[in-house]
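A.B. asks: Input my_file_37.txt, format and content: compact mmCIF, C-alpha atoms and all ligand atoms.
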# COMPACT_ATOMS: atom_id res chain seq x y z
CA GLU A 1 22.44 -77.35 89.35
CA MET A 2 23.26 -74.64 86.80
CA THR A 3 20.92 -71.93 88.12
CA GLY A 4 22.58 -68.55 87.94
CA LYS A 5 25.54 -69.82 85.90
CA PRO A 6 26.26 -69.87 82.16
CA ILE A 7 25.62 -73.21 80.46
CA ARG A 8 27.92 -74.56 77.75
CA CYS A 9 26.05 -76.35 74.98
CA LYS A 10 25.80 -76.90 71.24
CA ALA A 11 24.03 -74.52 68.89
CA ALA A 12 23.66 -74.13 65.12
CA VAL A 13 25.03 -70.66 64.40
CA ALA A 14 24.34 -68.69 61.21
CA ARG A 15 27.58 -66.79 60.59
CA LYS A 16 26.68 -65.32 57.19
CA ALA A 17 23.48 -64.73 55.23
CA GLY A 18 22.44 -67.78 53.23
CA GLU A 19 25.44 -69.88 54.26
CA PRO A 20 25.12 -73.27 56.00
CA LEU A 21 24.78 -73.11 59.78
CA ILE A 22 27.80 -74.12 61.84
CA ILE A 23 27.50 -76.35 64.91
CA GLU A 24 29.44 -74.55 67.63
CA GLU A 25 29.91 -74.81 71.35
CA ILE A 26 28.47 -71.67 72.91
CA GLU A 27 27.65 -70.27 76.35
CA VAL A 28 24.09 -69.45 77.32
CA LEU A 29 23.93 -66.84 80.07
CA PRO A 30 21.51 -67.17 82.99
CA PRO A 31 18.06 -65.59 82.64
CA LYS A 32 17.69 -62.00 83.87
CA ALA A 33 14.52 -60.64 85.47
CA TRP A 34 11.35 -61.66 83.57
CA GLU A 35 13.33 -64.24 81.59
CA VAL A 36 13.25 -68.02 81.34
CA ARG A 37 16.12 -70.34 80.35
CA ILE A 38 14.76 -73.31 78.42
CA LYS A 39 16.35 -76.65 77.59
CA ILE A 40 15.14 -77.16 74.02
CA LEU A 41 14.00 -80.74 73.32
CA CYS A 42 13.17 -80.28 69.66
CA THR A 43 12.70 -77.50 67.17
CA SER A 44 11.49 -77.26 63.57
CA LEU A 45 12.27 -75.11 60.58
CA CYS A 46 9.69 -72.60 59.34
CA HIS A 47 9.99 -70.77 56.04
CA THR A 48 10.39 -67.43 57.86
CA ASP A 49 13.74 -68.64 59.26
CA VAL A 50 14.87 -69.27 55.68
CA THR A 51 13.54 -65.90 54.44
CA ILE A 52 15.40 -63.91 57.11
CA TRP A 53 18.54 -66.11 56.97
CA LYS A 54 18.91 -65.06 53.31
CA LEU A 55 18.75 -61.31 54.06
CA THR A 56 22.11 -59.62 53.59
CA ASP A 57 21.05 -56.18 54.89
CA GLY A 58 18.18 -54.14 56.32
CA PRO A 59 16.85 -53.78 59.87
CA ALA A 60 16.18 -57.51 60.27
CA ALA A 61 19.60 -58.82 59.17
CA TYR A 62 21.92 -59.66 62.10
CA PHE A 63 24.89 -62.03 62.07
CA PRO A 64 26.16 -64.15 63.73
CA ARG A 65 22.75 -65.31 64.81
CA ILE A 66 20.90 -68.30 66.22
CA PHE A 67 17.72 -68.87 64.21
CA GLY A 68 14.74 -71.10 65.03
CA HIS A 69 11.35 -70.10 66.39
CA GLU A 70 9.30 -73.31 66.52
CA ALA A 71 10.25 -75.41 69.52
CA ALA A 72 9.31 -77.22 72.69
CA GLY A 73 11.35 -77.63 75.85
CA ILE A 74 11.68 -77.77 79.60
CA VAL A 75 12.25 -74.76 81.83
CA GLU A 76 15.77 -75.01 83.26
CA SER A 77 15.65 -71.92 85.45
CA VAL A 78 13.81 -68.62 85.74
CA GLY A 79 14.87 -65.07 86.51
CA GLU A 80 13.47 -62.72 89.12
CA HIS A 81 9.71 -61.90 88.95
CA VAL A 82 8.82 -64.99 86.91
CA ASP A 83 6.03 -66.91 88.61
CA GLU A 84 4.04 -68.12 85.63
CA VAL A 85 6.43 -71.05 85.04
CA LYS A 86 9.07 -72.87 87.12
CA ALA A 87 12.03 -75.20 86.55
CA GLY A 88 10.82 -78.52 85.11
CA ASP A 89 7.71 -77.12 83.37
CA PHE A 90 6.98 -78.15 79.77
CA VAL A 91 6.74 -75.03 77.61
CA ILE A 92 6.84 -73.75 74.06
CA PRO A 93 8.55 -70.46 73.20
CA VAL A 94 6.66 -68.30 70.69
CA PHE A 95 7.74 -65.31 68.59
CA GLN A 96 4.34 -63.67 69.07
CA ARG A 97 4.52 -61.59 72.23
CA ASN A 98 1.75 -61.85 74.83
CA CYS A 99 2.54 -60.04 78.09
CA GLY A 100 -1.05 -60.41 79.25
CA GLU A 101 -1.26 -56.97 80.82
CA CYS A 102 -0.88 -54.25 78.16
CA LYS A 103 -3.87 -52.53 76.56
CA ASP A 104 -3.72 -54.81 73.53
CA CYS A 105 -3.25 -58.06 75.43
CA LEU A 106 -6.27 -57.15 77.57
CA SER A 107 -8.40 -56.25 74.55
CA PRO A 108 -10.35 -59.01 72.78
CA LYS A 109 -9.34 -57.41 69.46
CA GLY A 110 -6.24 -58.51 67.59
CA ASN A 111 -3.17 -60.22 69.02
CA GLY A 112 -0.62 -57.44 69.14
CA CYS A 113 1.25 -56.75 72.36
CA THR A 114 2.56 -53.26 73.04
CA LYS A 115 4.37 -53.94 76.31
CA PHE A 116 7.81 -52.99 75.00
CA PRO A 117 8.11 -49.68 73.19
CA VAL A 118 11.14 -50.57 71.05
CA GLU A 119 11.55 -53.59 68.77
CA PHE A 120 14.98 -55.22 69.14
CA PHE A 121 15.41 -57.59 66.22
CA GLY A 122 18.66 -59.17 67.33
CA GLY A 123 18.42 -59.25 71.13
CA MET A 124 16.19 -59.78 74.14
CA PRO A 125 12.88 -57.87 73.93
CA ARG A 126 13.33 -55.73 77.07
CA ASP A 127 16.87 -54.37 76.62
CA GLY A 128 18.19 -55.64 73.30
CA THR A 129 21.19 -57.44 74.87
CA THR A 130 22.03 -61.06 74.03
CA ARG A 131 22.34 -64.19 76.19
CA PHE A 132 24.56 -66.12 73.76
CA VAL A 133 28.37 -65.93 73.78
CA ASP A 134 30.61 -67.71 71.24
CA SER A 135 33.92 -69.47 72.03
CA ASP A 136 35.81 -66.21 71.35
CA GLY A 137 33.68 -64.42 73.94
CA ARG A 138 31.70 -62.49 71.34
CA PRO A 139 27.89 -62.09 71.45
CA ILE A 140 25.63 -64.02 69.08
CA HIS A 141 22.34 -62.38 68.10
CA HIS A 142 18.89 -63.70 68.88
CA PHE A 143 16.07 -64.27 66.39
CA PHE A 144 12.40 -63.41 66.90
CA SER A 145 12.87 -63.54 70.71
CA VAL A 146 13.16 -67.35 70.51
CA SER A 147 16.44 -68.68 68.95
CA SER A 148 15.70 -72.36 69.31
CA PHE A 149 18.53 -73.82 67.19
CA SER A 150 20.45 -74.18 70.45
CA GLN A 151 20.29 -76.82 73.18
CA TYR A 152 19.51 -73.99 75.62
CA THR A 153 17.97 -70.58 74.99
CA VAL A 154 16.74 -67.64 77.04
CA VAL A 155 13.26 -66.29 76.31
CA ASP A 156 11.24 -63.46 77.87
CA ILE A 157 8.23 -64.67 79.88
CA ALA A 158 6.01 -62.70 77.44
CA HIS A 159 7.10 -65.26 74.80
CA VAL A 160 6.52 -68.47 76.79
CA VAL A 161 3.40 -70.68 76.76
CA LYS A 162 2.94 -73.48 79.27
CA MET A 163 1.96 -76.79 77.66
CA SER A 164 0.13 -79.81 78.94
CA ARG A 165 2.47 -82.79 79.53
CA ASP A 166 -0.05 -84.91 77.60
CA VAL A 167 0.98 -83.33 74.30
CA PRO A 168 3.92 -85.18 72.68
CA VAL A 169 7.02 -82.98 72.41
CA ASP A 170 7.16 -82.85 68.59
CA LYS A 171 3.45 -82.01 68.29
CA ALA A 172 3.80 -79.26 70.88
CA CYS A 173 6.67 -77.87 68.82
CA LEU A 174 4.40 -77.58 65.77
CA LEU A 175 1.96 -75.41 67.71
CA SER A 176 4.56 -72.70 68.24
CA CYS A 177 4.28 -71.11 64.77
CA GLY A 178 3.30 -72.32 61.31
CA VAL A 179 0.44 -74.67 62.05
CA THR A 180 -1.11 -72.33 64.60
CA THR A 181 -0.78 -69.44 62.12
CA GLY A 182 -2.70 -71.28 59.40
CA ILE A 183 -5.49 -72.43 61.69
CA GLY A 184 -5.90 -68.97 63.22
CA ALA A 185 -6.07 -67.33 59.79
CA VAL A 186 -9.12 -69.49 59.04
CA CYS A 187 -10.89 -69.70 62.38
CA LYS A 188 -10.11 -66.33 63.90
CA ILE A 189 -9.38 -63.93 61.01
CA ALA A 190 -11.51 -65.14 58.07
CA GLN A 191 -14.07 -66.96 60.24
CA VAL A 192 -14.83 -69.44 57.48
CA GLU A 193 -18.36 -70.87 57.74
CA GLU A 194 -19.72 -74.32 56.96
CA GLY A 195 -20.24 -74.92 53.23
CA SER A 196 -17.73 -72.26 52.11
CA THR A 197 -15.36 -72.49 49.16
CA VAL A 198 -11.76 -71.82 50.14
CA ALA A 199 -8.70 -71.30 47.90
CA ILE A 200 -5.19 -71.71 49.30
CA PHE A 201 -2.08 -70.45 47.50
CA GLY A 202 0.88 -72.55 48.68
CA LEU A 203 0.52 -75.92 50.36
CA GLY A 204 3.50 -75.84 52.72
CA ALA A 205 2.88 -76.51 56.40
CA VAL A 206 1.19 -73.10 56.73
CA GLY A 207 -1.11 -73.59 53.72
CA LEU A 208 -1.97 -77.14 54.83
CA ALA A 209 -2.80 -75.80 58.28
CA VAL A 210 -5.20 -73.40 56.53
CA ALA A 211 -6.75 -76.47 54.82
CA GLU A 212 -6.95 -78.25 58.16
CA GLY A 213 -8.67 -75.20 59.70
CA ALA A 214 -11.08 -74.99 56.77
CA ARG A 215 -11.87 -78.70 57.16
CA LEU A 216 -12.54 -78.19 60.87
CA GLN A 217 -14.86 -75.24 60.04
CA GLY A 218 -16.82 -77.43 57.61
CA ALA A 219 -15.78 -75.83 54.30
CA SER A 220 -17.21 -77.91 51.45
CA ARG A 221 -14.61 -77.10 48.81
CA ILE A 222 -10.92 -76.55 49.50
CA ILE A 223 -8.88 -75.64 46.41
CA GLY A 224 -5.10 -75.92 46.74
CA VAL A 225 -2.71 -74.04 44.41
CA ASP A 226 0.92 -75.18 44.33
CA ILE A 227 3.70 -75.56 41.75
CA ASN A 228 4.66 -78.88 43.33
CA PRO A 229 2.18 -81.49 41.97
CA GLU A 230 2.94 -83.85 44.89
CA LYS A 231 1.14 -81.44 47.20
CA PHE A 232 -2.31 -82.62 46.05
CA GLU A 233 -1.91 -86.12 47.53
CA ILE A 234 -0.46 -84.64 50.73
CA GLY A 235 -3.20 -81.99 50.80
CA LYS A 236 -5.98 -84.57 50.67
CA LYS A 237 -5.04 -85.67 54.20
CA PHE A 238 -5.89 -82.14 55.34
CA GLY A 239 -9.14 -81.78 53.43
CA VAL A 240 -7.95 -80.38 50.08
CA THR A 241 -10.62 -81.35 47.52
CA ASP A 242 -9.31 -79.71 44.32
CA PHE A 243 -5.86 -78.82 43.04
CA ILE A 244 -4.43 -76.31 40.56
CA ASN A 245 -0.84 -76.41 39.36
CA PRO A 246 -0.08 -72.88 38.03
CA THR A 247 2.62 -74.23 35.69
CA SER A 248 -0.04 -76.14 33.74
CA CYS A 249 -2.41 -73.13 33.50
CA THR A 250 -1.42 -71.98 30.03
CA GLU A 251 -4.72 -70.86 28.50
CA LYS A 252 -6.32 -69.34 31.61
CA SER A 253 -4.95 -67.64 34.70
CA VAL A 254 -5.17 -69.38 38.07
CA SER A 255 -7.80 -66.83 39.15
CA GLU A 256 -9.95 -67.63 36.11
CA VAL A 257 -9.76 -71.34 36.91
CA ILE A 258 -10.74 -70.71 40.54
CA LYS A 259 -13.63 -68.49 39.45
CA GLU A 260 -14.90 -71.21 37.14
CA MET A 261 -14.57 -73.90 39.79
CA SER A 262 -16.41 -71.84 42.38
CA GLY A 263 -19.13 -70.27 40.25
CA GLY A 264 -17.74 -66.73 40.36
CA GLY A 265 -15.03 -66.69 43.00
CA ALA A 266 -13.97 -68.35 46.26
CA ASP A 267 -15.53 -67.15 49.49
CA TYR A 268 -12.14 -67.13 51.20
CA CYS A 269 -8.63 -66.98 49.70
CA PHE A 270 -5.37 -67.39 51.61
CA GLU A 271 -1.87 -66.55 50.39
CA CYS A 272 0.63 -68.82 52.19
CA ILE A 273 3.80 -68.31 50.12
CA GLY A 274 4.95 -64.72 50.55
CA LEU A 275 4.81 -63.18 47.07
CA ALA A 276 2.88 -59.96 46.37
CA SER A 277 1.94 -61.18 42.88
CA LEU A 278 0.22 -64.22 44.41
CA MET A 279 -1.53 -62.05 47.02
CA GLN A 280 -2.90 -60.14 44.01
CA ASP A 281 -3.98 -63.41 42.35
CA ALA A 282 -5.63 -64.55 45.59
CA PHE A 283 -7.57 -61.27 45.76
CA SER A 284 -8.65 -61.64 42.10
CA SER A 285 -9.86 -65.18 42.84
CA SER A 286 -12.15 -64.05 45.66
CA ARG A 287 -15.85 -63.58 45.18
CA PRO A 288 -16.78 -60.05 44.00
CA GLY A 289 -18.93 -58.26 46.55
CA CYS A 290 -18.07 -60.39 49.57
CA GLY A 291 -14.89 -62.48 49.13
CA LYS A 292 -12.24 -62.23 51.80
CA THR A 293 -8.51 -62.62 51.15
CA VAL A 294 -6.11 -63.24 53.99
CA VAL A 295 -2.38 -62.56 53.62
CA VAL A 296 -0.49 -65.15 55.67
CA GLY A 297 2.84 -65.40 53.79
CA VAL A 298 5.68 -63.05 54.68
CA GLU A 299 6.49 -61.10 51.47
CA MET A 300 10.01 -62.18 50.58
CA HIS A 301 11.04 -59.01 48.71
CA GLY A 302 9.04 -56.27 50.45
CA THR A 303 7.01 -55.71 47.25
CA PRO A 304 3.86 -53.62 47.87
CA LEU A 305 0.36 -54.58 46.75
CA SER A 306 -1.73 -52.63 44.30
CA ILE A 307 -5.43 -53.20 44.73
CA ASN A 308 -8.17 -51.72 42.59
CA THR A 309 -10.08 -49.71 45.20
CA TYR A 310 -13.31 -50.14 43.24
CA GLU A 311 -13.11 -53.82 44.16
CA LEU A 312 -12.96 -52.84 47.83
CA LEU A 313 -15.95 -50.52 47.34
CA ARG A 314 -17.91 -53.42 45.93
CA GLY A 315 -17.27 -55.36 49.12
CA ARG A 316 -14.24 -57.57 48.63
CA SER A 317 -11.78 -57.28 51.47
CA ILE A 318 -8.17 -58.09 52.15
CA LEU A 319 -6.87 -58.87 55.63
CA GLY A 320 -3.65 -60.04 57.16
CA CYS A 321 -2.47 -61.54 60.39
CA LEU A 322 0.59 -62.60 62.28
CA PHE A 323 0.33 -65.82 64.23
CA GLY A 324 -3.18 -66.32 62.85
CA GLY A 325 -4.51 -63.51 65.03
CA PHE A 326 -4.20 -65.81 68.04
CA LYS A 327 -3.13 -64.69 71.48
CA PRO A 328 -0.57 -67.39 72.30
CA LYS A 329 -1.21 -67.86 76.04
CA PHE A 330 -4.97 -68.06 75.53
CA ASP A 331 -5.36 -69.82 72.19
CA ILE A 332 -2.53 -72.40 72.06
CA PRO A 333 -3.84 -74.42 75.02
CA ILE A 334 -7.20 -74.61 73.19
CA LEU A 335 -5.49 -76.03 70.09
CA ALA A 336 -3.56 -78.49 72.26
CA LYS A 337 -6.84 -79.71 73.73
CA ARG A 338 -8.39 -80.07 70.26
CA TYR A 339 -5.38 -82.22 69.31
CA LEU A 340 -5.73 -84.38 72.43
CA ASP A 341 -9.47 -84.72 71.67
CA LYS A 342 -8.44 -86.09 68.23
CA GLU A 343 -10.20 -83.27 66.38
CA LEU A 344 -7.11 -81.46 65.08
CA HIS A 345 -4.56 -83.32 62.94
CA LEU A 346 -0.94 -82.56 63.81
CA ASP A 347 1.02 -85.77 63.23
CA GLU A 348 0.60 -85.44 59.44
CA PHE A 349 2.61 -82.20 59.40
CA ILE A 350 5.81 -84.00 60.35
CA SER A 351 7.50 -85.23 57.18
CA ASP A 352 11.11 -85.60 58.35
CA GLU A 353 13.28 -85.79 61.45
CA VAL A 354 17.00 -85.01 61.85
CA LYS A 355 19.50 -84.44 64.66
CA LEU A 356 20.86 -80.96 65.39
CA ASP A 357 24.15 -81.87 63.64
CA GLU A 358 22.22 -82.42 60.40
CA ILE A 359 20.20 -79.19 60.56
CA ASN A 360 21.43 -77.99 57.16
CA ARG A 361 19.55 -80.89 55.60
CA ALA A 362 16.32 -79.40 56.95
CA PHE A 363 17.20 -76.13 55.18
CA ASP A 364 17.89 -77.96 51.89
CA MET A 365 14.59 -79.82 52.05
CA LEU A 366 12.46 -76.76 52.84
CA HIS A 367 14.30 -74.73 50.22
CA ARG A 368 13.34 -77.21 47.53
CA GLY A 369 9.70 -77.11 48.73
CA LYS A 370 9.85 -80.88 49.26
CA ASN A 371 8.93 -81.33 52.88
CA LEU A 372 6.43 -80.07 55.45
CA ARG A 373 7.91 -79.84 58.89
CA CYS A 374 11.26 -81.38 59.73
CA ILE A 375 11.64 -81.99 63.45
CA ILE A 376 15.19 -81.29 64.63
CA TRP A 377 16.01 -83.25 67.79
CA MET A 378 18.55 -81.59 70.06
N1 LIG A 401 3.07 -70.69 43.14
C1 LIG A 401 2.46 -71.68 43.83
N2 LIG A 401 3.03 -72.33 44.86
C2 LIG A 401 4.28 -71.97 45.20
C3 LIG A 401 4.99 -70.95 44.53
C4 LIG A 401 4.33 -70.30 43.44
N3 LIG A 401 4.92 -69.34 42.75
N4 LIG A 401 6.20 -70.81 45.12
C5 LIG A 401 6.25 -71.72 46.11
N5 LIG A 401 5.10 -72.42 46.17
C6 LIG A 401 4.72 -73.48 47.11
C7 LIG A 401 5.83 -74.49 47.41
O1 LIG A 401 5.85 -75.54 46.47
C8 LIG A 401 5.46 -74.95 48.82
O2 LIG A 401 4.61 -76.09 48.77
O3 LIG A 401 4.45 -72.86 48.36
C9 LIG A 401 4.70 -73.77 49.42
C10 LIG A 401 5.48 -73.02 50.53
O4 LIG A 401 5.63 -73.87 51.60
P1 LIG A 401 6.88 -73.88 52.60
O5 LIG A 401 8.12 -73.51 51.87
O6 LIG A 401 6.81 -75.18 53.34
O7 LIG A 401 6.58 -72.64 53.60
P2 LIG A 401 5.73 -72.55 54.95
O8 LIG A 401 6.60 -72.88 56.12
O9 LIG A 401 4.42 -73.24 54.77
O10 LIG A 401 5.50 -70.96 55.02
C11 LIG A 401 4.75 -70.29 54.02
O11 LIG A 401 4.10 -68.55 55.53
O12 LIG A 401 4.88 -68.18 57.68
C12 LIG A 401 4.96 -67.80 56.37
O13 LIG A 401 7.23 -66.99 56.09
C13 LIG A 401 6.36 -68.04 55.82
O14 LIG A 401 5.91 -66.80 53.90
C14 LIG A 401 6.06 -68.12 54.38
C15 LIG A 401 4.70 -68.82 54.30
ZN ZN A 402 0.90 -57.26 75.98
ZN ZN A 403 7.23 -69.40 61.65
Can you give me the file's structure in the form of C-alpha cells?
C.D. replies:
Amino acid sequence: EMTGKPIRCKAAVARKAGEPLIIEEIEVLPPKAWEVRIKILCTSLCHTDVTIWKLTDGPAAYFPRIFGHEAAGIVESVGEHVDEVKAGDFVIPVFQRNCGECKDCLSPKGNGCTKFPVEFFGGMPRDGTTRFVDSDGRPIHHFFSVSSFSQYTVVDIAHVVKMSRDVPVDKACLLSCGVTTGIGAVCKIAQVEEGSTVAIFGLGAVGLAVAEGARLQGASRIIGVDINPEKFEIGKKFGVTDFINPTSCTEKSVSEVIKEMSGGGADYCFECIGLASLMQDAFSSSRPGCGKTVVVGVEMHGTPLSINTYELLRGRSILGCLFGGFKPKFDIPILAKRYLDKELHLDEFISDEVKLDEINRAFDMLHRGKNLRCIIWM
C-alpha cells in the first residue's frame, strides 16, 4: 500500500535536447488534490514527442524531462476531490484537457478547455510544480500533462479518461493521441461524406488514422502522399486507394497530380507531417470553390502559412484541430466501442514492440519514418 507515499520506479529521462533518453530510478510523489497517480502498463511514441525533444530553446523546451503522452494504465491512488476514478480503474491519460465543467467543455463547439488560466509546459496543470524527483533530489519536468515514459506518473483528473476493461491495453494506448487525432480530423472537423475524394500528406500513424476515418465515412478515393514508397502497401490496409511519392514527381507538382487524379481537386486534404510548405501544397490540391484542408501536423519550425485570400473568397477553406476536435471524456469511449464492434481498425497501427529499457530504439525507428506505432511495455 503506497497511497500517500512516494514510489520509486524506473523512468526514461530526457536530460538534453535530442540526446538518447536515460533509464533512471526516480521518485514519483503522491497525487495532490484533483490528481491521479497511474501505474503505466504501456506507452507509445508519437511524433510530437520527437519534435519537442529536439527543441533546444523556446517556451516548450524543458530539461530534464519525462516525455510520452500516449499510454494506458491502472489508477494506483487518487488525491482529494477525485471521484471520477478510483484505485484499480483502467484509464488512459490524454494531453487534451477536458475538465467537463468550464464554458468550453460544456459547449458543443470545439474541444478546448479553459479551466486553468495559465499554461504550464513543464509541470502539473494547476500549479506548475512537478511530481518527479531524480536520485539527486532534483525535480524532473513533465510533458503535456502526461509524462508516460515512467512506470508511474501523476496526471490531473482533467487529463484522465476511464476505459472499458474489454479494450486490450495496447489498443487503449493508441486511442490516447495519434489515432484519435486522425479519426477526429476526418469525422468531426472535415465531416467527410460518402463518395468524397480525400488526399493525405504523410502516412504515419496520424495520416493512416485519417485514411481509416475516411474509409469509415465511405470516401471513394483516398490518395496518400509520402516520400516512403513502402507506405502504399501499409496504407492499403487502411483504405488508401492511390499513392503519390513526391520524390518521383519531377515534371508536375504533387498538387497538379492530385488535381488530375480527382478531376480538379480533392474534396478534403489533410496535412499529417508538420511542414508549412506541405500545408500549402495540401491547400493547393483542394477543390477550388469548396475544398477543405485540415492541418493536423504540428509545424516543426514554427513557419507561418501564406494563403492567397482570393482562394478563400472563392470558397476553399483551411481548418486545424488538436486531438481531432474530440472531447476526450466524451469521444474516446465511442471510439473504443467502435473498436470492440470491429468497425474501427486499431491492431494494424502497431508495427513494433519494445521494453522500456530499449525505448531509444523506438525513437530511432520513428525518426527514420520506418514504423507506425511502437508499443513500449513498462
Ligand atoms: N513529404 C511527404 N511525406 C513525408 C515528408 C515529406 N516531405 N516528410 C515526412 N513524410 C512522411 C514520413 O515518411 C512518414 O510516413 O510523413 C510520415 C510522418 O509520420 P510519423 O513520423 O509516423 O508521424 P506521426 O506520428 O504520424 O505524426 C505526424 O502529426 O501529431 C502530429 O506532431 C505530429 O506533426 C506530426 C504529425
Ligand atoms: Zn474544461
Ligand atoms: Zn501525440
A.B. asks: Of the candidates A:Gly324, A:Val257, A:Pro59, A:Phe201, which one gets nearest to ligand ZN 403 (chain A) if we count only C-alpha atoms and all ligand atoms?
C.D. replies: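 Nearest candidate to ligand ZN 403 (chain A) out of A:Gly324, A:Val257, A:Pro59, A:Phe201: A:Gly324.
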A.B. asks: Can you work out which residues are within 9 Å of ligand LIG 401 (chain A), considering only C-alpha atoms and all ligand atoms, and then hand them over as number ranges by chain?
C.D. replies: A: 45-52, 177-179, 181-182, 201-209, 225-231, 244-247, 271-275, 277-278, 296-300, 322-323, 366-373
A.B. asks: Taking C-alpha atoms for each residue, export the selection above as an mmCIF file, keeping the file's coordinate frame.
C.D. replies:
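Once written, again20.cif looks like this:
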data_model
loop_
_atom_site.group_PDB
_atom_site.id
_atom_site.type_symbol
_atom_site.label_atom_id
_atom_site.label_comp_id
_atom_site.auth_asym_id
_atom_site.auth_seq_id
_atom_site.Cartn_x
_atom_site.Cartn_y
_atom_site.Cartn_z
ATOM 1 C CA LEU A 45 12.270 -75.110 60.580
ATOM 2 C CA CYS A 46 9.690 -72.600 59.340
ATOM 3 C CA HIS A 47 9.990 -70.770 56.040
ATOM 4 C CA THR A 48 10.390 -67.430 57.860
ATOM 5 C CA ASP A 49 13.740 -68.640 59.260
ATOM 6 C CA VAL A 50 14.870 -69.270 55.680
ATOM 7 C CA THR A 51 13.540 -65.900 54.440
ATOM 8 C CA ILE A 52 15.400 -63.910 57.110
ATOM 9 C CA CYS A 177 4.280 -71.110 64.770
ATOM 10 C CA GLY A 178 3.300 -72.320 61.310
ATOM 11 C CA VAL A 179 0.440 -74.670 62.050
ATOM 12 C CA THR A 181 -0.780 -69.440 62.120
ATOM 13 C CA GLY A 182 -2.700 -71.280 59.400
ATOM 14 C CA PHE A 201 -2.080 -70.450 47.500
ATOM 15 C CA GLY A 202 0.880 -72.550 48.680
ATOM 16 C CA LEU A 203 0.520 -75.920 50.360
ATOM 17 C CA GLY A 204 3.500 -75.840 52.720
ATOM 18 C CA ALA A 205 2.880 -76.510 56.400
ATOM 19 C CA VAL A 206 1.190 -73.100 56.730
ATOM 20 C CA GLY A 207 -1.110 -73.590 53.720
ATOM 21 C CA LEU A 208 -1.970 -77.140 54.830
ATOM 22 C CA ALA A 209 -2.800 -75.800 58.280
ATOM 23 C CA VAL A 225 -2.710 -74.040 44.410
ATOM 24 C CA ASP A 226 0.920 -75.180 44.330
ATOM 25 C CA ILE A 227 3.700 -75.560 41.750
ATOM 26 C CA ASN A 228 4.660 -78.880 43.330
ATOM 27 C CA PRO A 229 2.180 -81.490 41.970
ATOM 28 C CA GLU A 230 2.940 -83.850 44.890
ATOM 29 C CA LYS A 231 1.140 -81.440 47.200
ATOM 30 C CA ILE A 244 -4.430 -76.310 40.560
ATOM 31 C CA ASN A 245 -0.840 -76.410 39.360
ATOM 32 C CA PRO A 246 -0.080 -72.880 38.030
ATOM 33 C CA THR A 247 2.620 -74.230 35.690
ATOM 34 C CA GLU A 271 -1.870 -66.550 50.390
ATOM 35 C CA CYS A 272 0.630 -68.820 52.190
ATOM 36 C CA ILE A 273 3.800 -68.310 50.120
ATOM 37 C CA GLY A 274 4.950 -64.720 50.550
ATOM 38 C CA LEU A 275 4.810 -63.180 47.070
ATOM 39 C CA SER A 277 1.940 -61.180 42.880
ATOM 40 C CA LEU A 278 0.220 -64.220 44.410
ATOM 41 C CA VAL A 296 -0.490 -65.150 55.670
ATOM 42 C CA GLY A 297 2.840 -65.400 53.790
ATOM 43 C CA VAL A 298 5.680 -63.050 54.680
ATOM 44 C CA GLU A 299 6.490 -61.100 51.470
ATOM 45 C CA MET A 300 10.010 -62.180 50.580
ATOM 46 C CA LEU A 322 0.590 -62.600 62.280
ATOM 47 C CA PHE A 323 0.330 -65.820 64.230
ATOM 48 C CA LEU A 366 12.460 -76.760 52.840
ATOM 49 C CA HIS A 367 14.300 -74.730 50.220
ATOM 50 C CA ARG A 368 13.340 -77.210 47.530
ATOM 51 C CA GLY A 369 9.700 -77.110 48.730
ATOM 52 C CA LYS A 370 9.850 -80.880 49.260
ATOM 53 C CA ASN A 371 8.930 -81.330 52.880
ATOM 54 C CA LEU A 372 6.430 -80.070 55.450
ATOM 55 C CA ARG A 373 7.910 -79.840 58.890
#
A.B. asks: Compile a residue-level contact table for chain A against ligand ZN 402 (chain A) at a cut-off of 12 Å, reporting for every qualifying residue the shortest atom pair and its distance in Å to one decimal, with only C-alpha atoms and all ligand atoms counted, rows ordered by chain and ascending number, as a Markdown table.
C.D. replies:
| residue | atom | partner | partner_atom | distance |
| --- | --- | --- | --- | --- |
| A:Gln96 | CA | A:ZN402 | ZN | 10.0 |
| A:Arg97 | CA | A:ZN402 | ZN | 6.8 |
| A:Asn98 | CA | A:ZN402 | ZN | 4.8 |
| A:Cys99 | CA | A:ZN402 | ZN | 3.9 |
| A:Gly100 | CA | A:ZN402 | ZN | 4.9 |
| A:Glu101 | CA | A:ZN402 | ZN | 5.3 |
| A:Cys102 | CA | A:ZN402 | ZN | 4.1 |
| A:Lys103 | CA | A:ZN402 | ZN | 6.7 |
| A:Asp104 | CA | A:ZN402 | ZN | 5.8 |
| A:Cys105 | CA | A:ZN402 | ZN | 4.3 |
| A:Leu106 | CA | A:ZN402 | ZN | 7.3 |
| A:Ser107 | CA | A:ZN402 | ZN | 9.5 |
| A:Pro108 | CA | A:ZN402 | ZN | 11.8 |
| A:Gly110 | CA | A:ZN402 | ZN | 11.1 |
| A:Asn111 | CA | A:ZN402 | ZN | 8.6 |
| A:Gly112 | CA | A:ZN402 | ZN | 7.0 |
| A:Cys113 | CA | A:ZN402 | ZN | 3.7 |
| A:Thr114 | CA | A:ZN402 | ZN | 5.2 |
| A:Lys115 | CA | A:ZN402 | ZN | 4.8 |
| A:Phe116 | CA | A:ZN402 | ZN | 8.2 |
| A:Pro117 | CA | A:ZN402 | ZN | 10.8 |
| A:Ile157 | CA | A:ZN402 | ZN | 11.1 |
| A:Ala158 | CA | A:ZN402 | ZN | 7.6 |
| A:His159 | CA | A:ZN402 | ZN | 10.2 |
| A:Lys327 | CA | A:ZN402 | ZN | 9.6 |
| A:Pro328 | CA | A:ZN402 | ZN | 10.9 |
| A:Lys329 | CA | A:ZN402 | ZN | 10.8 |
A.B. asks: List as an mmCIF file with C-alpha atoms, in the coordinates of the input the protein and nucleic acid residues near Arg37 in chain A, meaning an atom at most 8 Å away when only C-alpha atoms are counted, but skip any in the same chain fewer than 3 places from it.
C.D. replies:
data_model
loop_
_atom_site.group_PDB
_atom_site.id
_atom_site.type_symbol
_atom_site.label_atom_id
_atom_site.label_comp_id
_atom_site.auth_asym_id
_atom_site.auth_seq_id
_atom_site.Cartn_x
_atom_site.Cartn_y
_atom_site.Cartn_z
ATOM 1 C CA PRO A 30 21.510 -67.170 82.990
ATOM 2 C CA PRO A 31 18.060 -65.590 82.640
ATOM 3 C CA VAL A 75 12.250 -74.760 81.830
ATOM 4 C CA GLU A 76 15.770 -75.010 83.260
ATOM 5 C CA SER A 77 15.650 -71.920 85.450
ATOM 6 C CA VAL A 78 13.810 -68.620 85.740
ATOM 7 C CA TYR A 152 19.510 -73.990 75.620
ATOM 8 C CA THR A 153 17.970 -70.580 74.990
ATOM 9 C CA VAL A 154 16.740 -67.640 77.040
ATOM 10 C CA VAL A 155 13.260 -66.290 76.310
#
